file run.tsv (TSV, C-alpha atoms)
chain	number	residue	atom	x	y	z
P	226	MET	CA	28.59	51.65	31.56
P	227	TYR	CA	27.78	48.21	32.89
P	228	LYS	CA	28.73	47.64	36.53
P	229	ILE	CA	30.40	44.25	36.82
P	230	PRO	CA	28.87	42.19	39.62
P	231	GLU	CA	31.29	41.66	42.51
P	232	GLU	CA	31.40	37.88	42.04
P	233	PHE	CA	32.81	38.29	38.52
P	234	ARG	CA	35.30	41.14	39.10
P	235	ASP	CA	38.41	38.89	38.97
P	236	LEU	CA	37.63	37.15	35.66
P	237	LEU	CA	39.88	37.83	32.68
P	238	GLU	CA	36.78	38.74	30.69
P	239	ALA	CA	35.83	41.27	33.36
P	240	ASP	CA	39.24	42.90	33.07
P	241	ARG	CA	38.90	43.00	29.27
P	242	LEU	CA	35.43	44.50	29.66
P	243	ARG	CA	36.74	47.21	32.04
P	244	ARG	CA	39.53	48.11	29.60
P	245	ALA	CA	37.11	48.20	26.66
P	246	GLN	CA	34.68	50.37	28.63
P	247	ALA	CA	37.50	52.79	29.51
P	248	ALA	CA	38.68	52.95	25.88
P	249	PHE	CA	35.13	53.54	24.67
P	250	ALA	CA	34.54	56.26	27.27
P	251	ALA	CA	37.82	57.97	26.32
P	252	ALA	CA	37.00	57.84	22.60
P	253	ALA	CA	33.49	59.17	23.23
P	254	GLU	CA	34.85	62.02	25.36
P	255	GLU	CA	37.40	62.89	22.69
P	256	GLY	CA	34.61	62.92	20.11
P	257	ARG	CA	32.58	65.32	22.24
P	258	ASN	CA	35.59	67.61	22.53
P	259	LEU	CA	36.09	67.77	18.76
P	260	THR	CA	33.28	70.16	18.04
P	261	PHE	CA	35.56	72.81	16.57
P	262	GLU	CA	38.40	70.69	15.20
P	263	ASN	CA	39.14	70.03	11.56
P	264	GLU	CA	37.43	67.40	9.41
P	265	LYS	CA	40.43	65.05	9.19
P	266	ARG	CA	40.72	64.91	12.97
P	267	VAL	CA	36.99	64.27	13.31
P	268	ARG	CA	37.25	61.31	10.90
P	269	PHE	CA	40.22	59.92	12.82
P	270	VAL	CA	38.41	60.09	16.14
P	271	GLY	CA	35.24	58.69	14.56
P	272	GLU	CA	37.20	55.67	13.35
P	273	ARG	CA	38.76	55.29	16.79
P	274	LEU	CA	35.32	55.43	18.38
P	275	ARG	CA	33.97	52.77	15.96
P	276	ASN	CA	36.93	50.51	16.74
P	277	ALA	CA	36.49	51.02	20.47
P	278	GLN	CA	32.76	50.31	20.14
P	279	ASN	CA	33.47	47.09	18.22
P	280	GLU	CA	35.98	45.95	20.84
P	281	LEU	CA	33.53	46.85	23.61
P	282	GLY	CA	30.89	44.67	21.93
P	283	LYS	CA	33.30	41.75	21.60
P	284	ALA	CA	34.47	42.10	25.20
P	285	GLN	CA	30.89	42.31	26.42
P	286	LYS	CA	29.96	39.13	24.51
P	287	ALA	CA	32.97	37.26	25.92
P	288	PHE	CA	32.09	38.43	29.42
P	289	ASP	CA	28.45	37.39	28.95
P	290	LEU	CA	29.46	33.92	27.75
P	291	ALA	CA	31.78	33.45	30.73
P	292	THR	CA	29.29	34.68	33.35
P	293	GLY	CA	25.80	34.01	32.04
P	294	GLU	CA	25.12	37.74	32.13
P	295	PRO	CA	23.02	39.72	31.52
P	296	LYS	CA	20.31	38.36	33.72
P	297	PRO	CA	16.96	38.37	31.90
P	298	ILE	CA	14.41	40.92	33.08
P	299	ARG	CA	10.70	40.18	33.27
P	300	LEU	CA	8.14	41.46	30.80
P	301	THR	CA	5.67	44.10	31.93
P	302	PRO	CA	1.91	43.48	31.78
P	303	ALA	CA	1.68	45.95	28.87
P	304	VAL	CA	4.23	43.94	26.87
P	305	ILE	CA	2.43	40.65	27.61
P	306	GLU	CA	-0.85	42.23	26.51
P	307	GLU	CA	0.79	43.50	23.31
P	308	ILE	CA	2.07	39.99	22.52
P	309	GLY	CA	-1.55	38.80	22.71
P	310	LYS	CA	-2.62	41.46	20.21
P	311	HIS	CA	-0.07	40.50	17.55
P	312	PHE	CA	0.74	36.81	17.90
P	313	PRO	CA	-1.36	33.63	18.10
P	314	ALA	CA	-1.51	31.94	21.50
P	315	ALA	CA	0.67	29.06	20.29
P	316	GLN	CA	3.56	31.52	19.75
P	317	HIS	CA	3.25	33.51	22.98
P	318	ASP	CA	5.85	31.55	24.94
P	319	PHE	CA	8.34	31.74	22.07
P	320	VAL	CA	7.83	35.50	21.62
P	321	LYS	CA	8.24	36.01	25.38
P	322	GLN	CA	11.48	34.03	25.25
P	323	ILE	CA	12.83	36.18	22.39
P	324	LEU	CA	11.95	39.40	24.20
P	325	ASP	CA	13.32	38.13	27.51
P	326	GLN	CA	16.62	36.83	26.16
P	327	GLU	CA	17.35	39.06	23.16
P	328	CYS	CA	15.42	42.31	23.66
P	329	GLY	CA	16.26	43.44	27.14
P	330	ARG	CA	19.54	44.01	28.86
P	331	THR	CA	21.33	42.93	25.68
P	332	ILE	CA	20.47	46.29	24.11
P	333	PRO	CA	23.36	48.76	24.23
P	334	PHE	CA	23.27	51.03	27.28
P	335	CYS	CA	20.45	48.96	28.84
P	336	ARG	CA	22.58	46.49	30.84
P	337	GLU	CA	21.01	47.51	34.13
P	338	ALA	CA	17.60	48.61	32.86
P	339	THR	CA	14.40	47.73	34.65
P	340	ALA	CA	11.43	46.02	33.01
P	341	GLN	CA	9.66	49.38	32.95
P	342	GLU	CA	12.63	51.06	31.24
P	343	LEU	CA	12.65	48.33	28.58
P	344	GLU	CA	8.90	48.38	28.02
P	345	TYR	CA	8.85	51.00	25.25
P	346	ILE	CA	11.50	49.32	23.09
P	347	ARG	CA	9.73	45.98	23.50
P	348	LEU	CA	6.39	47.50	22.53
P	349	CYS	CA	8.03	49.08	19.49
P	350	VAL	CA	9.49	45.80	18.19
P	351	LEU	CA	6.18	44.01	18.77
P	352	ARG	CA	4.20	46.60	16.82
P	353	LEU	CA	6.75	46.74	14.02
P	354	SER	CA	6.69	42.95	13.70
P	355	LYS	CA	2.93	42.92	12.96
P	356	GLY	CA	2.73	39.36	14.29
P	357	ASN	CA	5.50	37.98	12.07
P	358	LEU	CA	8.27	36.09	13.92
P	359	SER	CA	10.82	36.79	11.20
P	360	GLU	CA	10.08	40.52	11.40
P	361	LEU	CA	10.23	40.37	15.19
P	362	ARG	CA	13.73	38.91	15.01
P	363	LYS	CA	14.80	41.63	12.54
P	364	CYS	CA	13.42	44.35	14.80
P	365	VAL	CA	15.09	42.86	17.86
P	366	GLU	CA	18.39	42.65	15.96
P	367	LEU	CA	18.04	46.29	14.94
P	368	ALA	CA	17.29	47.29	18.54
P	369	ASN	CA	20.51	45.58	19.61
P	370	ILE	CA	22.45	47.70	17.12
P	371	ASP	CA	20.76	51.04	17.80
P	372	GLN	CA	17.41	51.27	19.53
P	373	ARG	CA	16.83	54.75	18.10
P	374	ASP	CA	16.26	53.19	14.67
P	375	VAL	CA	13.44	51.10	16.13
P	376	PHE	CA	11.97	54.13	17.92
P	377	LEU	CA	11.99	56.11	14.68
P	378	ALA	CA	10.42	53.32	12.63
P	379	ALA	CA	7.76	52.63	15.26
P	380	GLY	CA	6.95	56.29	15.94
P	381	PRO	CA	3.65	56.43	14.00
P	382	LEU	CA	2.58	53.04	15.41
P	383	MET	CA	3.14	54.13	19.00
P	384	LYS	CA	0.54	56.91	18.80
P	385	LYS	CA	-2.25	54.35	18.47

call {"tool": "encode", "arguments": {"input": "run.tsv", "output": "structure tokens"}}
result
Amino acid sequence: MYKIPEEFRDLLEADRLRRAQAAFAAAAEEGRNLTFENEKRVRFVGERLRNAQNELGKAQKAFDLATGEPKPIRLTPAVIEEIGKHFPAAQHDFVKQILDQECGRTIPFCREATAQELEYIRLCVLRLSKGNLSELRKCVELANIDQRDVFLAAGPLMKK
């Protein structure tokens, strides 16, 4: 879970975020404990987890708007090189901006990730985009829903 910076701990949005994180963690723990329970109970907890995840997303967005978080994280040399392979020079700054602002610490469970930890997902979206800005945006959007979908789609491309 995202650790709220000390300077923002007293904001209403920070309190909402803490409550949403606690509800999500409780729902996730309950889901883990359901391994041997009946199907109806599993569906109930699954719905509770989806609702908690939705509220967590909304609370996180409200917190981000109020605080300017998450702070962008730099691109690694490998990512910058990959941009050069797929996009014309005139688009490099724009692609870097998209990756910096929308494909970094905005990805679920990556709020405190380093540039190195984000490198693989960024390389995946760049390769999947094949130099098309519209495709890049779609891939970035998908990564912000569930990065595993991007990893799966990019798998064959990452072996090159």

call {"tool": "residues_around", "arguments": {"input": "run.tsv", "residues": "Phe334 in chain P", "least_positions_apart": "5", "cutoff": "10 Å", "atoms": "all atoms listed in the file", "output": "PyMOL selection string"}}
result
chain P and resi 226-227+369+371-372

call {"tool": "residues_around", "arguments": {"input": "run.tsv", "residues": "range 296-308 of chain P", "least_positions_apart": "6", "cutoff": "12 Å", "atoms": "only C-alpha atoms", "output": "PyMOL selection string"}}
result
chain P and resi 230+289-290+314-332+335-358+361+383

call {"tool": "atom_distance", "arguments": {"input": "run.tsv", "atom1": "CA of Pro295 in chain P", "atom2": "CA of Phe233 in chain P"}}
result
12.1 Å

call {"tool": "closest_residue", "arguments": {"input": "run.tsv", "among": "P:Glu231, P:Arg257, P:Leu237, P:Cys364", "to": "Ala378 in chain P", "atoms": "all atoms listed in the file"}}
result
P:Cys364

call {"tool": "closest_residue", "arguments": {"input": "run.tsv", "among": "P:Lys265, P:Arg244, P:Arg273, P:Arg234", "to": "Ala291 in chain P", "atoms": "all atoms listed in the file"}}
result
P:Arg234

call {"tool": "residues_around", "arguments": {"input": "run.tsv", "residues": "Phe288 in chain P", "least_positions_apart": "5", "cutoff": "9 Å", "atoms": "only C-alpha atoms", "output": "PDB file with C-alpha atoms, in the frame of the given file"}}
result
ATOM      1  CA  LEU P 236      37.630  37.150  35.660  1.00  0.00           C
ATOM      2  CA  LEU P 237      39.880  37.830  32.680  1.00  0.00           C
ATOM      3  CA  GLU P 238      36.780  38.740  30.690  1.00  0.00           C
ATOM      4  CA  ALA P 239      35.830  41.270  33.360  1.00  0.00           C
ATOM      5  CA  ARG P 241      38.900  43.000  29.270  1.00  0.00           C
ATOM      6  CA  LEU P 242      35.430  44.500  29.660  1.00  0.00           C
ATOM      7  CA  LYS P 283      33.300  41.750  21.600  1.00  0.00           C
ATOM      8  CA  GLY P 293      25.800  34.010  32.040  1.00  0.00           C
ATOM      9  CA  GLU P 294      25.120  37.740  32.130  1.00  0.00           C
TER      10      GLU P 294
END

call {"tool": "atom_distance", "arguments": {"input": "run.tsv", "atom1": "CA of Ala251 in chain P", "atom2": "CA of Val365 in chain P"}}
result
28.6 Å

call {"tool": "atom_distance", "arguments": {"input": "run.tsv", "atom1": "CA of Ile229 in chain P", "atom2": "CA of Arg243 in chain P"}}
result
8.5 Å

call {"tool": "closest_residue", "arguments": {"input": "run.tsv", "among": "P:Leu382, P:Ala248, P:Leu377, P:Ala368", "to": "Glu280 in chain P", "atoms": "all atoms listed in the file"}}
result
P:Ala248

call {"tool": "axis_aligned_box", "arguments": {"input": "run.tsv", "around": "range 294-306 of chain P", "padding_each_side": "6 Å", "output": "lines of an AutoDock Vina configuration file"}}
result
center_x = 12.1
center_y = 41.8
center_z = 30.1
size_x = 38.0
size_y = 20.2
size_z = 19.2
